[in-house]
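Trainee: My questions all concern the structure below.
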Amino acid sequence: MKMSKMFVQTLREYPSDAEVISHKMLGRAGYIKKLAPGIYTFMPLMWRVLKKIENIVREEMDRAGAQELLMPFVQPKELWEESGRWEVYGKELMRLKDRHDRDMCLGPTHEEIITSVARDSLKSYKQLPVNLYQIQSKFRDEIRPRYGLLRGREFIMKDAYSFDIDEAGLDKEYKNMAQAYKRIFDRCGLETKMVQSDSGAIGGSVSHEFMVITDTDAGENDVFYCNSCDYSANSNHAVSKLADREVDRKEFFNETKIVDTPNTHSIEELCEFLKIPSTLILKSLVYIADKKPVIALIRADKAVEETKLMNAVSGVDIRIASSAEIAELMSEKGFDAVPGFIGPKGMNGIKIIADETVRDMKNFVVGINQTDKHLVGANLSDLGIELNYADIRLVQQGELCPQCGKPLYVTKGIEVGNIFKLGTKYSKPMNAVYTDIEGKTHPYIMGCYGIGISRTAAAAVEAHYDEYGIKWPVSIAPYHAVIVPVNINDELQMHTAQKIYEDLLNAGIEVVLDDRDERAGVKFKDADLIGFPYRVTVGKTITEGLVEYKVRETGEQEKYTPEQAVKILIQNIKNNLK
RNA sequence: CGGGACGUAGCGCAGCUUGGUAGCGCACCUCGCUUGGGACGAGGGGGUCGCAGGUUCAAAUCCUGUCGUCCCGACCA
């Protein structure tokens, strides 16, 4: 490719709307162009990167025994009604009507479609197991798309679905996919952690996410992990042992009574007023789960993990209650307390979920729905309510590993892939069954396995960049190398560059010749920004028969004869692609 | 959906307070000069100032409405 003809425009400045590294870099280097929020054109360089990732995914999925197909992007409502998700999925599902006024949607995921395809074709146990996948654009009408390709509305995804006759088969395929994913991300030059996670809206029981660990702002997930064993989990799923279970502190309160606690609207204010540690306070939080109030109780030095709470009440939608909703709840129960003084006492008929931390608390402080008052020296028996215990606690750094008891650490991660055990979540309601050896029918045992292709590309930038631009891993770089003649009007320089370029092309290397009549600085800046893994500069030293070879990743550079440079380049690239 | 901000050339921005012939840098075109880390000079092309009303002799500027975009909170590959 000649740089002078390449359809790319690099910019002097970062796009003003970009917040995170990958968005800034990909925008400035001319890889992507925004059309609408979360909707981007993949420019030629970007498309080359995406195709590289797709091909790695294809090779590894095929090697793992999966078969590629391609399902429709536009889907009819009827299938979504069969699975029950037309009602449940919410506004992220982009709904539209065709000319006959029929309800349709843009595919955010394809469980319904693949299940309907499978049930028409997979009739016998003899045909199972099967794993089918596709690589395609998905559309999810995210509330707030952001971070460029990391959270788009339209994005490219690989989604795979497995069908087995029993759980054992699913377990085997689940492991098989986990191994394939490891190989895929390794080949993309990405270090990932496989972490336990919540199974979310797609449903099912067990799931793991593949996280690119990053120290940039783009990591939207907190990952807890143990250095002593293999435990790691997304914060929405992580569990821990408490480092401190010391809760009976009789020295503070030796009798149960109501005390005045004026203007203590926060835990901090209450601690300060009563001169007590926050571990002595039972915190009561009001949430709205599927439009109904739920009270969550937890030791006040800990925070509630909303996904866990949602699972504890089997809800699909949860958020903290507004002060108006709290006021409404109060008046319904005959109280008039303001937030800060809410408590479980007298809340009969409201679902109350207590975190495990509550179990051990004794002689604690709790709100009793009277403004400017708290009950001190309280015990659970004083509250006169029925508690449902569940782990709804957000793990904090320093708490202990649930497996081995050593301290847990936290880091940021970008989720680039996930694997789910679906079981019969879709096959049962959609009556997708096979016939066993005895002639009986059973629903398939299903699994699903996703990889965000475009997100993986962005995550690779987050993991490989410096102040000058992108440092693509060779395996997914748009081109392997760039040849830069410093002065194209110098016949020897240009002739040598041209020769190197052709030799590399003939060797199957994806190479760009920067034949633009620009100053060296411009070409170097662009080469660094675009992120070619290797650069060969043909400048003044060509009069001594030498060119300069430079590695983008390490900054390492060396002078060679043109023939040596070609040879080393070919060798390094081939080694890297193994 | 709530809270904040912004819409002026492909990109980044000034002008608006106090109405009076639309500007700057980058990018683009021509010529010259230059050629190892985003040179320089001269000339040039490109904008219904998001859109619609209103006020006014006169609106990018003031008023009203509307659409769009970005940032902070609840989702997920």
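Numbering starts fresh at 1 for the residues of each chain in the structure tokens, the chains themselves are lettered A, B, ... in the order given, and ligands are numbered from 1 as they appear.
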Could you give me, as a Markdown table, a per-residue list for region 2-76 of chain B showing, wherever an atom lies at most 12 Å from an atom of region 304-319 of chain A, the closest pair of atoms and their distance in Å to one decimal, using only C-alpha atoms (C1' of nucleotides) and sorting by chain then residue number from low to high?
Mentor:
```
| residue | atom | partner | partner_atom | distance |
| --- | --- | --- | --- | --- |
| B:G73 | C1' | A:Arg319 | CA | 10.7 |
| B:A74 | C1' | A:Arg319 | CA | 6.5 |
| B:C75 | C1' | A:Asp317 | CA | 10.2 |
```
Trainee: Based on the selection just made, write N, CA, C and O atoms (P, O5', C5', C4', C3', O3' and C1' of nucleotides) of those residues as a PDB file, in the first residue's frame.
Mentor:
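Heads up, here's the output in part19.pdb:
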```
ATOM      1  P     G B  73     -20.647   8.346  36.676  1.00  0.00           P
ATOM      2  O5'   G B  73     -22.026   8.411  37.438  1.00  0.00           O
ATOM      3  C5'   G B  73     -22.430   7.335  38.300  1.00  0.00           C
ATOM      4  C4'   G B  73     -23.858   7.528  38.725  1.00  0.00           C
ATOM      5  C3'   G B  73     -24.846   6.455  38.257  1.00  0.00           C
ATOM      6  O3'   G B  73     -24.907   5.357  39.160  1.00  0.00           O
ATOM      7  C1'   G B  73     -25.700   8.600  37.751  1.00  0.00           C
ATOM      8  P     A B  74     -24.351   3.943  38.721  1.00  0.00           P
ATOM      9  O5'   A B  74     -25.665   3.268  38.137  1.00  0.00           O
ATOM     10  C5'   A B  74     -26.196   2.045  38.701  1.00  0.00           C
ATOM     11  C4'   A B  74     -27.615   1.879  38.228  1.00  0.00           C
ATOM     12  C3'   A B  74     -27.783   1.017  36.968  1.00  0.00           C
ATOM     13  O3'   A B  74     -28.041  -0.347  37.305  1.00  0.00           O
ATOM     14  C1'   A B  74     -28.858   3.123  36.668  1.00  0.00           C
ATOM     15  P     C B  75     -27.358  -1.506  36.510  1.00  0.00           P
ATOM     16  O5'   C B  75     -28.110  -1.434  35.109  1.00  0.00           O
ATOM     17  C5'   C B  75     -28.487  -2.627  34.430  1.00  0.00           C
ATOM     18  C4'   C B  75     -28.309  -2.496  32.943  1.00  0.00           C
ATOM     19  C3'   C B  75     -27.465  -3.577  32.282  1.00  0.00           C
ATOM     20  O3'   C B  75     -28.215  -4.727  31.961  1.00  0.00           O
ATOM     21  C1'   C B  75     -26.751  -1.453  31.529  1.00  0.00           C
TER      22        C B  75
END
```
Trainee: Return as a list in words the residues belonging to chain A that are within 8 Å of chain B, counting only C-alpha atoms (C1' of nucleotides).
Mentor: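 Here is what falls inside 8 Å: Leu11, Arg12, Glu13, Pro15, Ser16, Asp17, Glu142, Ile143, Met157, Arg319, Glu415, Val416, Gly417, Asn418, Gly450, Ile451, Gly452, Ile453, Arg455, Val486, Asn487, Glu518, Arg519, Ala520, Gly521, Val522, Phe524, Lys525 and Gly539 of chain A.
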Trainee: When DSSP works through the backbone of this structure, what residues of region 267-486 of chain A end up as alpha helix (DSSP H), shown as an NGL selection string?
Mentor: :A and (267-274 or 306-312 or 323-332 or 356-359 or 453-463)
Trainee: Emit the selected residues as a short mmCIF file (atom, residue, chain, number, x, y, z; two decimals), in the first residue's frame, including N, CA and C atoms.
Mentor:
```cif
data_model
loop_
_atom_site.label_atom_id
_atom_site.label_comp_id
_atom_site.auth_asym_id
_atom_site.auth_seq_id
_atom_site.Cartn_x
_atom_site.Cartn_y
_atom_site.Cartn_z
N ILE A 267 -23.98 8.25 57.77
CA ILE A 267 -23.30 7.35 58.70
C ILE A 267 -22.16 8.08 59.40
N GLU A 268 -21.42 8.91 58.64
CA GLU A 268 -20.28 9.64 59.22
C GLU A 268 -20.75 10.54 60.37
N GLU A 269 -21.84 11.26 60.10
CA GLU A 269 -22.34 12.18 61.13
C GLU A 269 -22.80 11.42 62.37
N LEU A 270 -23.42 10.28 62.14
CA LEU A 270 -23.92 9.48 63.26
C LEU A 270 -22.75 8.94 64.09
N CYS A 271 -21.72 8.45 63.40
CA CYS A 271 -20.53 7.93 64.09
C CYS A 271 -19.91 9.01 64.96
N GLU A 272 -19.83 10.20 64.37
CA GLU A 272 -19.18 11.29 65.07
C GLU A 272 -20.00 11.71 66.29
N PHE A 273 -21.31 11.77 66.09
CA PHE A 273 -22.20 12.21 67.18
C PHE A 273 -22.17 11.23 68.35
N LEU A 274 -22.23 9.92 68.01
CA LEU A 274 -22.29 8.91 69.08
C LEU A 274 -20.92 8.44 69.53
N GLU A 306 -25.59 -3.97 44.14
CA GLU A 306 -26.98 -3.97 43.67
C GLU A 306 -27.33 -5.21 42.85
N THR A 307 -26.38 -5.72 42.10
CA THR A 307 -26.68 -6.92 41.31
C THR A 307 -26.99 -8.10 42.23
N LYS A 308 -26.23 -8.21 43.31
CA LYS A 308 -26.48 -9.29 44.26
C LYS A 308 -27.85 -9.13 44.90
N LEU A 309 -28.17 -7.88 45.25
CA LEU A 309 -29.47 -7.61 45.87
C LEU A 309 -30.59 -7.96 44.90
N MET A 310 -30.39 -7.59 43.65
CA MET A 310 -31.40 -7.88 42.63
C MET A 310 -31.62 -9.39 42.52
N ASN A 311 -30.53 -10.13 42.52
CA ASN A 311 -30.66 -11.59 42.46
C ASN A 311 -31.35 -12.14 43.70
N ALA A 312 -31.09 -11.51 44.86
CA ALA A 312 -31.67 -12.00 46.11
C ALA A 312 -33.19 -11.85 46.10
N SER A 323 -35.94 10.19 47.22
CA SER A 323 -36.45 10.64 48.52
C SER A 323 -37.97 10.73 48.50
N ALA A 324 -38.54 11.00 47.32
CA ALA A 324 -40.01 11.05 47.22
C ALA A 324 -40.59 9.67 47.48
N GLU A 325 -39.92 8.63 46.92
CA GLU A 325 -40.42 7.26 47.10
C GLU A 325 -40.28 6.81 48.56
N ILE A 326 -39.21 7.27 49.19
CA ILE A 326 -39.04 6.95 50.61
C ILE A 326 -40.14 7.62 51.43
N ALA A 327 -40.42 8.88 51.10
CA ALA A 327 -41.49 9.60 51.81
C ALA A 327 -42.81 8.87 51.65
N GLU A 328 -43.07 8.38 50.46
CA GLU A 328 -44.31 7.66 50.18
C GLU A 328 -44.39 6.38 51.03
N LEU A 329 -43.28 5.67 51.07
CA LEU A 329 -43.23 4.44 51.86
C LEU A 329 -43.48 4.75 53.34
N MET A 330 -42.86 5.83 53.80
CA MET A 330 -42.99 6.22 55.20
C MET A 330 -44.46 6.49 55.55
N SER A 331 -45.11 7.28 54.71
CA SER A 331 -46.49 7.65 55.03
C SER A 331 -47.40 6.43 54.96
N GLU A 332 -47.07 5.52 54.04
CA GLU A 332 -47.85 4.29 53.93
C GLU A 332 -47.79 3.47 55.22
N GLU A 356 -25.24 -10.89 55.15
CA GLU A 356 -24.67 -11.83 56.12
C GLU A 356 -23.97 -11.11 57.28
N THR A 357 -23.48 -9.90 57.01
CA THR A 357 -22.80 -9.15 58.07
C THR A 357 -23.74 -8.84 59.23
N VAL A 358 -25.04 -8.83 58.94
CA VAL A 358 -26.02 -8.45 59.97
C VAL A 358 -26.16 -9.55 61.01
N ARG A 359 -25.98 -10.79 60.56
CA ARG A 359 -26.19 -11.97 61.41
C ARG A 359 -25.44 -11.87 62.74
N ILE A 453 -15.80 -8.20 19.30
CA ILE A 453 -14.68 -8.03 18.36
C ILE A 453 -14.19 -6.59 18.37
N SER A 454 -15.12 -5.64 18.20
CA SER A 454 -14.71 -4.24 18.15
C SER A 454 -14.21 -3.78 19.52
N ARG A 455 -14.80 -4.32 20.57
CA ARG A 455 -14.31 -3.95 21.89
C ARG A 455 -12.91 -4.51 22.13
N THR A 456 -12.65 -5.71 21.62
CA THR A 456 -11.32 -6.29 21.77
C THR A 456 -10.27 -5.40 21.11
N ALA A 457 -10.62 -4.86 19.94
CA ALA A 457 -9.69 -3.96 19.25
C ALA A 457 -9.39 -2.74 20.11
N ALA A 458 -10.45 -2.16 20.68
CA ALA A 458 -10.26 -0.98 21.53
C ALA A 458 -9.46 -1.34 22.78
N ALA A 459 -9.76 -2.51 23.35
CA ALA A 459 -9.04 -2.93 24.55
C ALA A 459 -7.56 -3.13 24.25
N ALA A 460 -7.26 -3.59 23.03
CA ALA A 460 -5.86 -3.77 22.64
C ALA A 460 -5.13 -2.43 22.63
N VAL A 461 -5.83 -1.38 22.21
CA VAL A 461 -5.23 -0.04 22.24
C VAL A 461 -5.01 0.41 23.68
N GLU A 462 -6.01 0.14 24.52
CA GLU A 462 -5.87 0.52 25.94
C GLU A 462 -4.66 -0.17 26.56
N ALA A 463 -4.34 -1.36 26.07
CA ALA A 463 -3.25 -2.12 26.65
C ALA A 463 -1.91 -1.83 25.99
#
```
Trainee: CA of Ser197 (chain A) to CA of Ile298 (chain A): how many Å, to one decimal?
Mentor: 22.0 Å
Trainee: Set the distance at 6 Å and use only C-alpha atoms (C1' of nucleotides): which residues neighbour region 225-234 of chain A once local chain neighbours fewer than 4 positions away are removed? I'd like the list as a short mmCIF file (atom, residue, chain, number, x, y, z; two decimals) with C-alpha atoms, in the first residue's frame.
Mentor:
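Contents of result.cif, freshly written:
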```cif
data_model
loop_
_atom_site.label_atom_id
_atom_site.label_comp_id
_atom_site.auth_asym_id
_atom_site.auth_seq_id
_atom_site.Cartn_x
_atom_site.Cartn_y
_atom_site.Cartn_z
CA VAL A 195 -13.29 -14.26 36.25
CA GLN A 196 -16.54 -15.47 37.77
CA SER A 197 -19.45 -13.19 37.05
CA ALA A 238 -17.34 -11.59 44.16
CA LEU A 408 -8.12 -10.10 47.98
CA TYR A 409 -6.88 -7.42 45.60
#
```
Trainee: When you draw a straight line from CA of Ala565 (chain A) to CA of Leu190 (chain A), how long is it in Å?
Mentor: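 Distance reported for this atom pair: 27.6 Å.
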Trainee: Interatomic distance between CA of Gly169 (chain A) and CA of Val57 (chain A)?
Mentor: 22.5 Å
Trainee: Env of C62 (chain B): 8 Å cut, atoms = only C-alpha atoms (C1' of nucleotides), seq-sep filter 3 positions within chain, self excluded. Answer as a ChimeraX atom specification.
Mentor: /B:19,55,59
Trainee: Would you list the contacts of Asp222 (chain A) as a compact mmCIF listing (two decimals) with N, CA and C atoms, in the first residue's frame, taking every protein, DNA or RNA residue within 9 Å and counting only C-alpha atoms (C1' of nucleotides), but skipping same-chain residues closer than 3 positions in sequence?
Mentor:
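After the write, selection.txt holds the following:
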```txt
# COMPACT_ATOMS: atom_id res chain seq x y z
N GLY A 219 -11.39 0.76 32.04
CA GLY A 219 -11.84 -0.45 32.72
C GLY A 219 -13.11 -0.18 33.49
N ALA A 233 -13.06 -12.73 40.53
CA ALA A 233 -14.48 -12.52 40.22
C ALA A 233 -14.77 -11.05 39.99
N ASN A 234 -15.73 -10.82 39.12
CA ASN A 234 -16.27 -9.48 38.92
C ASN A 234 -16.89 -9.01 40.24
N SER A 235 -16.81 -7.70 40.51
CA SER A 235 -17.34 -7.20 41.78
C SER A 235 -18.83 -7.49 41.93
N ASN A 236 -19.54 -7.66 40.80
CA ASN A 236 -20.97 -7.93 40.91
C ASN A 236 -21.24 -9.36 41.38
N VAL A 410 -7.94 -5.75 44.19
CA VAL A 410 -8.90 -5.30 43.20
C VAL A 410 -8.17 -4.62 42.06
N THR A 411 -8.69 -4.74 40.83
CA THR A 411 -8.11 -4.06 39.68
C THR A 411 -9.23 -3.78 38.69
N LYS A 412 -8.94 -2.93 37.71
CA LYS A 412 -9.94 -2.59 36.70
C LYS A 412 -9.83 -3.54 35.52
N GLY A 413 -10.95 -3.88 34.91
CA GLY A 413 -10.92 -4.78 33.77
C GLY A 413 -11.89 -4.37 32.68
```
Trainee: Taking 2 positions as the minimum chain separation for residues in the same chain, which residues sit within 9 Å of Gln9 (chain A) when counting only C-alpha atoms (C1' of nucleotides)? Answer as a PyMOL selection string.
Mentor: (chain A and resi 6-7+11+28-31) or (chain B and resi 27)
Trainee: Give me a file of those residues, with N, CA, C and O atoms (P, O5', C5', C4', C3', O3' and C1' of nucleotides), as a CSV table (one decimal), in the first residue's frame.
Mentor:
```
chain,number,residue,atom,x,y,z
A,6,MET,N,-3.5,6.0,0.6
A,6,MET,CA,-4.2,5.4,1.6
A,6,MET,C,-5.3,6.3,2.1
A,6,MET,O,-5.1,7.5,2.3
A,7,PHE,N,-6.5,5.8,2.3
A,7,PHE,CA,-7.7,6.6,2.7
A,7,PHE,C,-7.6,6.7,4.3
A,7,PHE,O,-8.2,5.9,5.0
A,11,LEU,N,-5.0,13.4,12.6
A,11,LEU,CA,-5.3,14.8,13.1
A,11,LEU,C,-4.2,15.2,14.0
A,11,LEU,O,-3.6,14.4,14.7
A,28,ARG,N,-8.0,10.1,16.5
A,28,ARG,CA,-7.0,10.9,16.0
A,28,ARG,C,-6.2,10.3,14.8
A,28,ARG,O,-5.7,11.0,13.9
A,29,ALA,N,-6.0,9.0,14.9
A,29,ALA,CA,-5.2,8.3,13.9
A,29,ALA,C,-6.1,7.9,12.7
A,29,ALA,O,-5.6,7.3,11.8
A,30,GLY,N,-7.3,8.3,12.7
A,30,GLY,CA,-8.2,8.1,11.5
A,30,GLY,C,-8.7,6.7,11.4
A,30,GLY,O,-9.0,6.3,10.3
A,31,TYR,N,-8.9,6.0,12.5
A,31,TYR,CA,-9.4,4.6,12.4
A,31,TYR,C,-10.9,4.6,12.4
A,31,TYR,O,-11.5,3.7,11.8
B,27,A,P,-1.3,21.5,8.3
B,27,A,O5',-2.6,20.8,7.8
B,27,A,C5',-2.9,19.5,8.1
B,27,A,C4',-4.2,19.1,7.5
B,27,A,C3',-4.4,19.3,6.0
B,27,A,O3',-3.8,18.2,5.2
B,27,A,C1',-6.3,20.2,7.1
```
Trainee: Please identify all polymer residues within 9 Å of Asn576 (chain A), counting only C-alpha atoms (C1' of nucleotides), omitting same-chain residues fewer than 4 positions from it, and present them as a PyMOL selection string.
Mentor: chain A and resi 473-475+571-572
Trainee: Mind checking DSSP for region 449-503 of chain A and telling me the strand (DSSP E or B) residues as a VMD selection string?
Mentor: chain A and resid 449 to 452 465 to 466 469 to 470 481 to 485
Trainee: Grab the residues selected above and save them as an mmCIF file, in the first residue's frame with C-alpha atoms.
Mentor:
```
data_model
loop_
_atom_site.group_PDB
_atom_site.id
_atom_site.type_symbol
_atom_site.label_atom_id
_atom_site.label_comp_id
_atom_site.auth_asym_id
_atom_site.auth_seq_id
_atom_site.Cartn_x
_atom_site.Cartn_y
_atom_site.Cartn_z
ATOM 1 C CA TYR A 449 -20.197 -17.721 24.337
ATOM 2 C CA GLY A 450 -19.570 -14.106 23.278
ATOM 3 C CA ILE A 451 -16.583 -12.054 22.210
ATOM 4 C CA GLY A 452 -16.789 -8.338 21.516
ATOM 5 C CA TYR A 465 -0.012 2.639 23.567
ATOM 6 C CA ASP A 466 2.349 5.417 24.537
ATOM 7 C CA GLY A 469 0.205 6.653 19.594
ATOM 8 C CA ILE A 470 -0.827 3.051 19.256
ATOM 9 C CA ALA A 481 5.495 -2.476 8.700
ATOM 10 C CA VAL A 482 6.017 0.926 7.140
ATOM 11 C CA ILE A 483 8.927 1.962 4.923
ATOM 12 C CA VAL A 484 9.820 5.639 5.231
ATOM 13 C CA PRO A 485 12.054 7.261 2.627
#
```
